[in-house]
$ cat target-v2.cif   # mmCIF, C-alpha atoms and all ligand atoms
data_entry
#
loop_
_atom_site.group_PDB
_atom_site.id
_atom_site.type_symbol
_atom_site.label_atom_id
_atom_site.label_comp_id
_atom_site.auth_asym_id
_atom_site.auth_seq_id
_atom_site.Cartn_x
_atom_site.Cartn_y
_atom_site.Cartn_z
ATOM 1 C CA MET A 2 0.000 0.000 0.000
ATOM 2 C CA ARG A 3 1.226 3.543 -0.710
ATOM 3 C CA ILE A 4 1.095 5.409 2.575
ATOM 4 C CA LEU A 5 1.711 9.070 3.313
ATOM 5 C CA VAL A 6 3.100 9.565 6.820
ATOM 6 C CA THR A 7 3.047 13.149 8.099
ATOM 7 C CA GLY A 8 5.266 14.025 11.048
ATOM 8 C CA ALA A 9 7.614 11.323 9.798
ATOM 9 C CA SER A 10 10.646 12.937 11.426
ATOM 10 C CA GLY A 11 9.004 12.994 14.856
ATOM 11 C CA ARG A 12 9.425 10.530 17.691
ATOM 12 C CA VAL A 13 6.611 8.248 16.620
ATOM 13 C CA GLY A 14 7.042 8.775 12.881
ATOM 14 C CA SER A 15 10.771 8.090 12.823
ATOM 15 C CA ARG A 16 10.096 4.706 14.429
ATOM 16 C CA LEU A 17 6.926 3.875 12.531
ATOM 17 C CA VAL A 18 8.233 4.552 9.016
ATOM 18 C CA PRO A 19 11.101 1.996 9.184
ATOM 19 C CA ARG A 20 8.615 -0.615 10.421
ATOM 20 C CA LEU A 21 6.217 0.111 7.582
ATOM 21 C CA LEU A 22 9.092 -0.233 5.113
ATOM 22 C CA VAL A 23 10.182 -3.544 6.631
ATOM 23 C CA ALA A 24 6.588 -4.715 6.327
ATOM 24 C CA GLY A 25 6.804 -4.043 2.592
ATOM 25 C CA GLU A 26 4.705 -0.879 2.473
ATOM 26 C CA SER A 27 5.554 1.963 0.135
ATOM 27 C CA VAL A 28 5.992 5.075 2.271
ATOM 28 C CA ARG A 29 6.034 8.738 1.394
ATOM 29 C CA ALA A 30 7.347 10.627 4.404
ATOM 30 C CA LEU A 31 6.331 14.259 4.825
ATOM 31 C CA VAL A 32 9.073 16.231 6.573
ATOM 32 C CA ARG A 33 9.723 19.932 6.965
ATOM 33 C CA THR A 34 13.293 19.943 5.624
ATOM 34 C CA SER A 35 15.070 17.556 3.294
ATOM 35 C CA ALA A 36 17.777 17.096 5.963
ATOM 36 C CA ALA A 37 15.095 15.726 8.297
ATOM 37 C CA GLY A 38 14.249 13.098 5.699
ATOM 38 C CA GLU A 39 17.787 11.822 5.037
ATOM 39 C CA GLN A 40 17.643 8.773 7.310
ATOM 40 C CA LEU A 41 14.201 7.715 6.131
ATOM 41 C CA LYS A 42 15.243 8.180 2.509
ATOM 42 C CA ALA A 43 18.243 5.915 3.083
ATOM 43 C CA LEU A 44 15.837 3.248 4.356
ATOM 44 C CA GLY A 45 13.735 3.458 1.217
ATOM 45 C CA ALA A 46 11.058 6.038 1.971
ATOM 46 C CA GLN A 47 10.142 8.602 -0.619
ATOM 47 C CA ILE A 48 10.527 12.074 0.865
ATOM 48 C CA ALA A 49 8.091 14.947 0.465
ATOM 49 C CA VAL A 50 9.177 18.254 1.936
ATOM 50 C CA GLY A 51 6.506 20.630 3.135
ATOM 51 C CA ASP A 52 4.447 22.143 5.878
ATOM 52 C CA VAL A 53 1.057 20.667 6.691
ATOM 53 C CA ARG A 54 -0.403 24.186 6.438
ATOM 54 C CA ASP A 55 0.696 24.464 2.808
ATOM 55 C CA GLY A 56 -2.176 23.187 0.683
ATOM 56 C CA SER A 57 -0.153 22.732 -2.493
ATOM 57 C CA ALA A 58 2.587 20.804 -0.671
ATOM 58 C CA ILE A 59 -0.098 18.529 0.729
ATOM 59 C CA GLU A 60 -1.678 18.113 -2.681
ATOM 60 C CA ASP A 61 1.665 16.949 -4.076
ATOM 61 C CA ALA A 62 2.309 14.702 -1.092
ATOM 62 C CA LEU A 63 -1.083 13.028 -1.502
ATOM 63 C CA ALA A 64 -0.594 12.122 -5.157
ATOM 64 C CA ASP A 65 -1.224 8.385 -5.739
ATOM 65 C CA VAL A 66 -1.458 7.703 -2.025
ATOM 66 C CA GLU A 67 -3.838 5.019 -0.752
ATOM 67 C CA ALA A 68 -3.623 5.713 2.972
ATOM 68 C CA VAL A 69 -2.574 8.537 5.257
ATOM 69 C CA ILE A 70 -1.101 8.250 8.733
ATOM 70 C CA HIS A 71 -1.311 11.751 10.131
ATOM 71 C CA LEU A 72 1.167 12.225 12.954
ATOM 72 C CA ALA A 73 2.297 15.822 12.434
ATOM 73 C CA ALA A 74 1.413 17.990 15.392
ATOM 74 C CA ALA A 75 2.557 20.957 17.411
ATOM 75 C CA PHE A 76 2.895 19.817 20.996
ATOM 76 C CA ARG A 77 4.432 22.618 22.938
ATOM 77 C CA GLY A 78 6.590 25.701 22.530
ATOM 78 C CA VAL A 79 4.347 27.284 19.903
ATOM 79 C CA PRO A 80 1.764 30.058 20.296
ATOM 80 C CA ASP A 81 -1.811 28.840 20.758
ATOM 81 C CA GLY A 82 -2.853 30.081 17.316
ATOM 82 C CA GLU A 83 -0.111 28.027 15.674
ATOM 83 C CA ALA A 84 -1.127 24.931 17.630
ATOM 84 C CA PHE A 85 -4.694 25.291 16.340
ATOM 85 C CA ALA A 86 -3.499 26.008 12.790
ATOM 86 C CA ILE A 87 -1.404 22.822 12.738
ATOM 87 C CA ASN A 88 -3.346 20.430 14.947
ATOM 88 C CA HIS A 89 -6.858 21.417 13.927
ATOM 89 C CA GLN A 90 -7.087 23.431 10.706
ATOM 90 C CA ALA A 91 -4.301 21.713 8.759
ATOM 91 C CA THR A 92 -5.540 18.306 9.883
ATOM 92 C CA VAL A 93 -9.016 19.052 8.537
ATOM 93 C CA ASP A 94 -7.594 20.439 5.285
ATOM 94 C CA ILE A 95 -5.451 17.331 4.732
ATOM 95 C CA ALA A 96 -8.404 15.090 5.508
ATOM 96 C CA ARG A 97 -10.610 16.990 3.045
ATOM 97 C CA GLN A 98 -8.019 16.584 0.303
ATOM 98 C CA ALA A 99 -7.551 12.926 1.187
ATOM 99 C CA THR A 100 -11.318 12.378 0.997
ATOM 100 C CA ARG A 101 -11.489 14.020 -2.434
ATOM 101 C CA ARG A 102 -8.680 11.770 -3.608
ATOM 102 C CA GLY A 103 -10.477 8.690 -2.361
ATOM 103 C CA VAL A 104 -7.873 7.346 0.063
ATOM 104 C CA MET A 105 -8.773 3.997 1.584
ATOM 105 C CA ARG A 106 -7.728 4.865 5.140
ATOM 106 C CA PHE A 107 -6.991 8.016 7.131
ATOM 107 C CA VAL A 108 -5.377 7.362 10.510
ATOM 108 C CA HIS A 109 -5.270 10.346 12.817
ATOM 109 C CA ALA A 110 -3.001 10.400 15.857
ATOM 110 C CA SER A 111 -4.876 12.058 18.677
ATOM 111 C CA THR A 112 -4.211 12.057 22.398
ATOM 112 C CA ASN A 113 -5.652 10.673 25.625
ATOM 113 C CA LEU A 114 -5.717 14.316 26.753
ATOM 114 C CA VAL A 115 -9.061 14.692 24.980
ATOM 115 C CA TYR A 116 -10.581 12.727 27.881
ATOM 116 C CA PRO A 117 -11.749 14.364 31.074
ATOM 117 C CA GLY A 118 -9.375 13.913 33.976
ATOM 118 C CA GLY A 119 -10.333 12.200 37.217
ATOM 119 C CA LEU A 120 -12.819 9.677 35.809
ATOM 120 C CA GLY A 121 -11.866 7.149 38.449
ATOM 121 C CA ARG A 122 -11.991 4.405 35.820
ATOM 122 C CA PRO A 123 -10.354 3.682 32.492
ATOM 123 C CA ALA A 124 -11.653 6.033 29.804
ATOM 124 C CA ARG A 125 -13.840 4.603 27.030
ATOM 125 C CA GLU A 126 -13.800 5.666 23.424
ATOM 126 C CA ASP A 127 -17.423 6.806 23.692
ATOM 127 C CA ASP A 128 -16.727 9.100 26.669
ATOM 128 C CA GLU A 129 -17.547 12.742 25.960
ATOM 129 C CA LEU A 130 -14.496 14.738 24.940
ATOM 130 C CA ALA A 131 -13.505 17.119 27.716
ATOM 131 C CA PRO A 132 -9.989 18.370 27.005
ATOM 132 C CA ALA A 133 -8.218 20.624 29.482
ATOM 133 C CA ARG A 134 -8.289 24.325 28.612
ATOM 134 C CA ARG A 135 -4.936 24.292 26.868
ATOM 135 C CA ALA A 136 -4.255 24.712 23.177
ATOM 136 C CA TYR A 137 -2.818 21.240 22.564
ATOM 137 C CA PRO A 138 -5.696 19.124 23.944
ATOM 138 C CA GLN A 139 -8.307 21.635 22.748
ATOM 139 C CA SER A 140 -6.921 21.662 19.206
ATOM 140 C CA LYS A 141 -6.696 17.859 19.113
ATOM 141 C CA ALA A 142 -10.308 17.530 20.301
ATOM 142 C CA ALA A 143 -11.450 20.101 17.724
ATOM 143 C CA ALA A 144 -9.682 18.084 15.025
ATOM 144 C CA GLU A 145 -11.357 14.869 16.176
ATOM 145 C CA ARG A 146 -14.817 16.458 16.022
ATOM 146 C CA ALA A 147 -14.189 17.883 12.552
ATOM 147 C CA LEU A 148 -12.793 14.580 11.250
ATOM 148 C CA LEU A 149 -15.787 12.681 12.591
ATOM 149 C CA ASP A 150 -18.061 15.126 10.748
ATOM 150 C CA LEU A 151 -16.057 14.502 7.568
ATOM 151 C CA HIS A 152 -16.382 10.777 8.164
ATOM 152 C CA LYS A 153 -20.166 11.025 8.542
ATOM 153 C CA GLN A 154 -20.814 13.574 5.816
ATOM 154 C CA ALA A 155 -18.186 12.824 3.184
ATOM 155 C CA GLY A 156 -17.123 9.255 3.899
ATOM 156 C CA LEU A 157 -13.603 9.931 5.180
ATOM 157 C CA PRO A 158 -12.330 6.395 5.998
ATOM 158 C CA LEU A 159 -11.239 7.487 9.443
ATOM 159 C CA ARG A 160 -9.480 5.811 12.335
ATOM 160 C CA ILE A 161 -8.573 7.892 15.372
ATOM 161 C CA VAL A 162 -5.813 6.580 17.612
ATOM 162 C CA ARG A 163 -5.703 8.283 20.999
ATOM 163 C CA LEU A 164 -2.112 7.779 21.994
ATOM 164 C CA ALA A 165 -1.212 8.204 25.627
ATOM 165 C CA PHE A 166 2.381 8.327 26.786
ATOM 166 C CA VAL A 167 4.521 6.877 23.982
ATOM 167 C CA TYR A 168 7.999 5.667 24.887
ATOM 168 C CA GLY A 169 10.598 3.086 23.949
ATOM 169 C CA GLU A 170 13.635 2.266 21.826
ATOM 170 C CA GLY A 171 15.903 5.267 22.129
ATOM 171 C CA ASP A 172 12.999 7.592 22.809
ATOM 172 C CA PRO A 173 13.901 10.160 25.491
ATOM 173 C CA HIS A 174 10.262 10.641 26.530
ATOM 174 C CA LEU A 175 10.432 8.394 29.609
ATOM 175 C CA ARG A 176 13.707 9.904 30.812
ATOM 176 C CA GLU A 177 12.358 13.415 30.270
ATOM 177 C CA ALA A 178 9.185 12.589 32.179
ATOM 178 C CA LEU A 179 11.093 11.112 35.088
ATOM 179 C CA GLN A 180 13.358 14.145 35.212
ATOM 180 C CA ALA A 181 10.333 16.423 35.182
ATOM 181 C CA ARG A 182 8.704 14.286 37.853
ATOM 182 C CA GLY A 183 11.659 14.984 40.083
ATOM 183 C CA ARG A 184 10.641 18.623 39.931
ATOM 184 C CA ALA A 185 6.935 17.901 40.422
ATOM 185 C CA CYS A 186 4.839 17.632 43.562
ATOM 186 C CA GLY A 187 4.793 14.359 45.484
ATOM 187 C CA ARG A 188 1.283 13.437 44.394
ATOM 188 C CA CYS A 189 1.889 13.959 40.681
ATOM 189 C CA LEU A 190 2.387 10.788 38.672
ATOM 190 C CA LEU A 191 3.359 12.288 35.336
ATOM 191 C CA PRO A 192 3.650 15.896 34.294
ATOM 192 C CA ALA A 193 0.991 17.242 31.951
ATOM 193 C CA THR A 194 2.266 17.462 28.387
HETATM 194 N N1 LIG A 201 4.609 10.914 21.922
HETATM 195 C C1 LIG A 201 3.549 10.823 22.740
HETATM 196 O O1 LIG A 201 3.662 10.442 23.913
HETATM 197 C C2 LIG A 201 2.174 11.187 22.213
HETATM 198 C C3 LIG A 201 1.098 11.124 23.103
HETATM 199 C C4 LIG A 201 -0.168 11.441 22.637
HETATM 200 C C5 LIG A 201 -0.359 11.786 21.323
HETATM 201 N N2 LIG A 201 0.702 11.858 20.481
HETATM 202 C C6 LIG A 201 0.452 12.249 19.102
HETATM 203 O O2 LIG A 201 1.188 11.403 18.245
HETATM 204 C C7 LIG A 201 1.664 12.150 17.124
HETATM 205 C C8 LIG A 201 3.159 11.971 17.010
HETATM 206 O O3 LIG A 201 3.769 12.421 18.222
HETATM 207 P P1 LIG A 201 5.367 12.520 18.365
HETATM 208 O O4 LIG A 201 5.664 12.222 19.772
HETATM 209 O O5 LIG A 201 6.024 11.777 17.263
HETATM 210 O O6 LIG A 201 5.538 14.100 18.142
HETATM 211 P P2 LIG A 201 6.875 14.873 17.716
HETATM 212 O O7 LIG A 201 8.094 14.093 17.998
HETATM 213 O O8 LIG A 201 6.729 16.259 18.289
HETATM 214 O O9 LIG A 201 6.721 14.969 16.144
HETATM 215 C C9 LIG A 201 5.823 15.858 15.554
HETATM 216 C C10 LIG A 201 6.098 15.837 14.082
HETATM 217 O O10 LIG A 201 5.218 16.791 13.456
HETATM 218 C C11 LIG A 201 6.010 17.572 12.569
HETATM 219 N N3 LIG A 201 5.394 18.873 12.393
HETATM 220 C C12 LIG A 201 5.101 19.796 13.340
HETATM 221 N N4 LIG A 201 4.568 20.889 12.783
HETATM 222 C C13 LIG A 201 4.535 20.645 11.446
HETATM 223 C C14 LIG A 201 4.120 21.398 10.340
HETATM 224 N N5 LIG A 201 3.624 22.641 10.477
HETATM 225 N N6 LIG A 201 4.208 20.852 9.100
HETATM 226 C C15 LIG A 201 4.726 19.602 8.937
HETATM 227 N N7 LIG A 201 5.149 18.828 9.960
HETATM 228 C C16 LIG A 201 5.055 19.363 11.196
HETATM 229 C C17 LIG A 201 7.375 17.671 13.245
HETATM 230 O O11 LIG A 201 8.333 18.055 12.307
HETATM 231 P P3 LIG A 201 9.808 18.528 12.764
HETATM 232 O O12 LIG A 201 10.564 17.230 12.976
HETATM 233 O O13 LIG A 201 10.290 19.330 11.627
HETATM 234 O O14 LIG A 201 9.634 19.325 14.023
HETATM 235 C C18 LIG A 201 7.529 16.241 13.729
HETATM 236 O O15 LIG A 201 7.961 15.414 12.686
HETATM 237 C C19 LIG A 201 1.216 13.594 17.344
HETATM 238 O O16 LIG A 201 0.048 13.820 16.594
HETATM 239 C C20 LIG A 201 0.926 13.675 18.806
HETATM 240 O O17 LIG A 201 -0.094 14.629 19.078
HETATM 241 C C21 LIG A 201 1.967 11.569 20.892
#

$ encode --input "target-v2.cif" --output "structure tokens" --more "lines below"
Ligand SMILES: NC(=O)c1ccc[n+]([C@@H]2O[C@H](COP(=O)([O-])OP(=O)(O)OC[C@H]3O[C@@H](n4cnc5c(N)ncnc54)[C@H](OP(=O)(O)O)[C@@H]3O)[C@@H](O)[C@H]2O)c1
Amino acid sequence: MRILVTGASGRVGSRLVPRLLVAGESVRALVRTSAAGEQLKALGAQIAVGDVRDGSAIEDALADVEAVIHLAAAFRGVPDGEAFAINHQATVDIARQATRRGVMRFVHASTNLVYPGGLGRPAREDDELAPARRAYPQSKAAAERALLDLHKQAGLPLRIVRLAFVYGEGDPHLREALQARGRACGRCLLPAT
């Protein structure tokens, strides 16, 4: 299958793309600079350079693609407006283009932070979205709602994956979290991302 992976240079993407290639998939990796795509190119991925907010770059990246795995996101360190532009608006724009092109699958990486805190039980996928009042969870929840509308109204073949705390294989996330925990209050388990 020909798969476009956005956010391919990120922590999840840079580990997912090699696995897709090993599994025999044909991968086009969207990265923001060609330097960021060097390693993935060496492994056999086709590289598309562009910003998810750039409609024409996305149009090119989507050419002949059968599935999209949309990982690109702005986590932290960006103004709120930029987080919404990347996590919400660009996500919807990519999904609209993917729908028009008739992709067979659109996988959207969301976050467990769309759930309300303090449920006292494991969250369920049909729980109401209640993201904290911060740009990252709010923009991810807004994207989910818009993608579900596209699914219902235009047939976007959508799967939403609500990732929680991803770590492993050379990923500094766990170490960073433990370091941050050292600075946190005694009752905190993990710092909010
Ligand atoms: N890691 C976790 O624990 C976790 C938990 C919950 C949800 N998620 C979700 O999983 C997905 C992947 O997370 P991650 O940990 O791999 O994040 P990451 O390491 O921050 O990677 C984000 C990726 O998005 C790209 N990106 C950001 N803004 C972009 C833009 N305007 N245009 C094009 N690309 C852009 C980044 O490119 P550059 O490399 O150029 O910066 C990077 O490749 C995200 O959607 C995130 O919300 C992750």

$ closest_residue --input "target-v2.cif" --among "A:Ile59, A:Ala131, A:Leu151, A:Ala46" --to "ligand LIG 201 (chain A)" --atoms "only C-alpha atoms and all ligand atoms"
A:Ile59

$ atom_distance --input "target-v2.cif" --atom1 "atom CA of A:Ala96" --atom2 "atom CA of A:Leu157"
7.3 Å

$ atom_distance --input "target-v2.cif" --atom1 "atom CA of A:Pro158" --atom2 "atom O7 of ligand LIG 201 (chain A)"
24.9 Å

$ residues_around --input "target-v2.cif" --residues "A:Ala49" --least-positions-apart "3" --cutoff "10 Å" --atoms "only C-alpha atoms" --output "list in words"
Leu5, Val6, Thr7, Arg29, Ala30, Leu31, Val32, Arg33, Thr34, Ser35, Gly38, Ala46, Asp52, Ala58, Ile59, Asp61, Ala62 and Leu63 of chain A

$ write_last_selection --input "target-v2.cif" --atoms "C-alpha atoms" --output "PDB file, keeping the file's coordinate frame"
ATOM      1  CA  LEU A   5       1.711   9.070   3.313  1.00  0.00           C
ATOM      2  CA  VAL A   6       3.100   9.565   6.820  1.00  0.00           C
ATOM      3  CA  THR A   7       3.047  13.149   8.099  1.00  0.00           C
ATOM      4  CA  ARG A  29       6.034   8.738   1.394  1.00  0.00           C
ATOM      5  CA  ALA A  30       7.347  10.627   4.404  1.00  0.00           C
ATOM      6  CA  LEU A  31       6.331  14.259   4.825  1.00  0.00           C
ATOM      7  CA  VAL A  32       9.073  16.231   6.573  1.00  0.00           C
ATOM      8  CA  ARG A  33       9.723  19.932   6.965  1.00  0.00           C
ATOM      9  CA  THR A  34      13.293  19.943   5.624  1.00  0.00           C
ATOM     10  CA  SER A  35      15.070  17.556   3.294  1.00  0.00           C
ATOM     11  CA  GLY A  38      14.249  13.098   5.699  1.00  0.00           C
ATOM     12  CA  ALA A  46      11.058   6.038   1.971  1.00  0.00           C
ATOM     13  CA  ASP A  52       4.447  22.143   5.878  1.00  0.00           C
ATOM     14  CA  ALA A  58       2.587  20.804  -0.671  1.00  0.00           C
ATOM     15  CA  ILE A  59      -0.098  18.529   0.729  1.00  0.00           C
ATOM     16  CA  ASP A  61       1.665  16.949  -4.076  1.00  0.00           C
ATOM     17  CA  ALA A  62       2.309  14.702  -1.092  1.00  0.00           C
ATOM     18  CA  LEU A  63      -1.083  13.028  -1.502  1.00  0.00           C
TER      19      LEU A  63
END

$ atom_distance --input "target-v2.cif" --atom1 "atom CA of A:Gly56" --atom2 "atom CA of A:Leu44"
27.1 Å

$ closest_atom_pairs --input "target-v2.cif" --of "chain A" --to "ligand LIG 201 (chain A)" --cutoff "7 Å" --atoms "only C-alpha atoms and all ligand atoms" --output "JSON lines"
{"residue": "A:Thr7", "atom": "CA", "partner": "A:LIG201", "partner_atom": "N7", "distance": 6.3}
{"residue": "A:Gly8", "atom": "CA", "partner": "A:LIG201", "partner_atom": "O15", "distance": 3.4}
{"residue": "A:Ala9", "atom": "CA", "partner": "A:LIG201", "partner_atom": "O15", "distance": 5.0}
{"residue": "A:Ser10", "atom": "CA", "partner": "A:LIG201", "partner_atom": "O15", "distance": 3.9}
{"residue": "A:Gly11", "atom": "CA", "partner": "A:LIG201", "partner_atom": "O9", "distance": 3.3}
{"residue": "A:Arg12", "atom": "CA", "partner": "A:LIG201", "partner_atom": "O5", "distance": 3.6}
{"residue": "A:Val13", "atom": "CA", "partner": "A:LIG201", "partner_atom": "O5", "distance": 3.6}
{"residue": "A:Gly14", "atom": "CA", "partner": "A:LIG201", "partner_atom": "O5", "distance": 5.4}
{"residue": "A:Leu31", "atom": "CA", "partner": "A:LIG201", "partner_atom": "C15", "distance": 6.9}
{"residue": "A:Val32", "atom": "CA", "partner": "A:LIG201", "partner_atom": "N7", "distance": 5.8}
{"residue": "A:Arg33", "atom": "CA", "partner": "A:LIG201", "partner_atom": "O13", "distance": 4.7}
{"residue": "A:Thr34", "atom": "CA", "partner": "A:LIG201", "partner_atom": "O13", "distance": 6.7}
{"residue": "A:Ala37", "atom": "CA", "partner": "A:LIG201", "partner_atom": "O12", "distance": 6.7}
{"residue": "A:Gly51", "atom": "CA", "partner": "A:LIG201", "partner_atom": "C15", "distance": 6.2}
{"residue": "A:Asp52", "atom": "CA", "partner": "A:LIG201", "partner_atom": "N6", "distance": 3.5}
{"residue": "A:Val53", "atom": "CA", "partner": "A:LIG201", "partner_atom": "N6", "distance": 4.0}
{"residue": "A:Arg54", "atom": "CA", "partner": "A:LIG201", "partner_atom": "N5", "distance": 5.9}
{"residue": "A:His71", "atom": "CA", "partner": "A:LIG201", "partner_atom": "O16", "distance": 6.9}
{"residue": "A:Leu72", "atom": "CA", "partner": "A:LIG201", "partner_atom": "O16", "distance": 4.1}
{"residue": "A:Ala73", "atom": "CA", "partner": "A:LIG201", "partner_atom": "O10", "distance": 3.2}
{"residue": "A:Ala74", "atom": "CA", "partner": "A:LIG201", "partner_atom": "O10", "distance": 4.4}
{"residue": "A:Ala75", "atom": "CA", "partner": "A:LIG201", "partner_atom": "C12", "distance": 4.9}
{"residue": "A:Phe76", "atom": "CA", "partner": "A:LIG201", "partner_atom": "O8", "distance": 5.9}
{"residue": "A:Ile87", "atom": "CA", "partner": "A:LIG201", "partner_atom": "N5", "distance": 5.5}
{"residue": "A:Ala110", "atom": "CA", "partner": "A:LIG201", "partner_atom": "O16", "distance": 4.6}
{"residue": "A:Ser111", "atom": "CA", "partner": "A:LIG201", "partner_atom": "C5", "distance": 5.2}
{"residue": "A:Thr112", "atom": "CA", "partner": "A:LIG201", "partner_atom": "C5", "distance": 4.0}
{"residue": "A:Asn113", "atom": "CA", "partner": "A:LIG201", "partner_atom": "C4", "distance": 6.3}
{"residue": "A:Arg163", "atom": "CA", "partner": "A:LIG201", "partner_atom": "C5", "distance": 6.4}
{"residue": "A:Leu164", "atom": "CA", "partner": "A:LIG201", "partner_atom": "C4", "distance": 4.2}
{"residue": "A:Ala165", "atom": "CA", "partner": "A:LIG201", "partner_atom": "C3", "distance": 4.5}
{"residue": "A:Phe166", "atom": "CA", "partner": "A:LIG201", "partner_atom": "O1", "distance": 3.8}
{"residue": "A:Val167", "atom": "CA", "partner": "A:LIG201", "partner_atom": "O1", "distance": 3.7}
{"residue": "A:Tyr168", "atom": "CA", "partner": "A:LIG201", "partner_atom": "O1", "distance": 6.5}

$ residues_around --input "target-v2.cif" --residues "stretch 135-145 of chain A" --least-positions-apart "6" --cutoff "6 Å" --atoms "all atoms listed in the file" --output "PyMOL selection string"
chain A and resi 81+85+88-89+114-115

$ resolve_selection --input "target-v2.cif" --expression "the PyMOL selection byres (((chain A and resi 102) around 10) and not hetatm)" --output "list in words"
Glu60, Leu63, Ala64, Asp65, Val66, Glu67, Ala96, Arg97, Gln98, Ala99, Thr100, Arg101, Gly103, Val104 and Met105 of chain A

$ write_last_selection --input "target-v2.cif" --atoms "C-alpha atoms" --output "mmCIF file, keeping the file's coordinate frame"
data_model
loop_
_atom_site.group_PDB
_atom_site.id
_atom_site.type_symbol
_atom_site.label_atom_id
_atom_site.label_comp_id
_atom_site.auth_asym_id
_atom_site.auth_seq_id
_atom_site.Cartn_x
_atom_site.Cartn_y
_atom_site.Cartn_z
ATOM 1 C CA GLU A 60 -1.678 18.113 -2.681
ATOM 2 C CA LEU A 63 -1.083 13.028 -1.502
ATOM 3 C CA ALA A 64 -0.594 12.122 -5.157
ATOM 4 C CA ASP A 65 -1.224 8.385 -5.739
ATOM 5 C CA VAL A 66 -1.458 7.703 -2.025
ATOM 6 C CA GLU A 67 -3.838 5.019 -0.752
ATOM 7 C CA ALA A 96 -8.404 15.090 5.508
ATOM 8 C CA ARG A 97 -10.610 16.990 3.045
ATOM 9 C CA GLN A 98 -8.019 16.584 0.303
ATOM 10 C CA ALA A 99 -7.551 12.926 1.187
ATOM 11 C CA THR A 100 -11.318 12.378 0.997
ATOM 12 C CA ARG A 101 -11.489 14.020 -2.434
ATOM 13 C CA GLY A 103 -10.477 8.690 -2.361
ATOM 14 C CA VAL A 104 -7.873 7.346 0.063
ATOM 15 C CA MET A 105 -8.773 3.997 1.584
#

$ axis_aligned_box --input "target-v2.cif" --around "stretch 67-74 of chain A" --padding-each-side "8 Å" --output "AutoDock Vina command-line options"
--center_x -0.8 --center_y 11.5 --center_z 7.3 --size_x 22.1 --size_y 29.0 --size_z 32.1

$ closest_residue --input "target-v2.cif" --among "A:His109, A:Leu149, A:Ala43, A:Tyr116" --to "A:Arg134" --atoms "only C-alpha atoms"
A:Tyr116
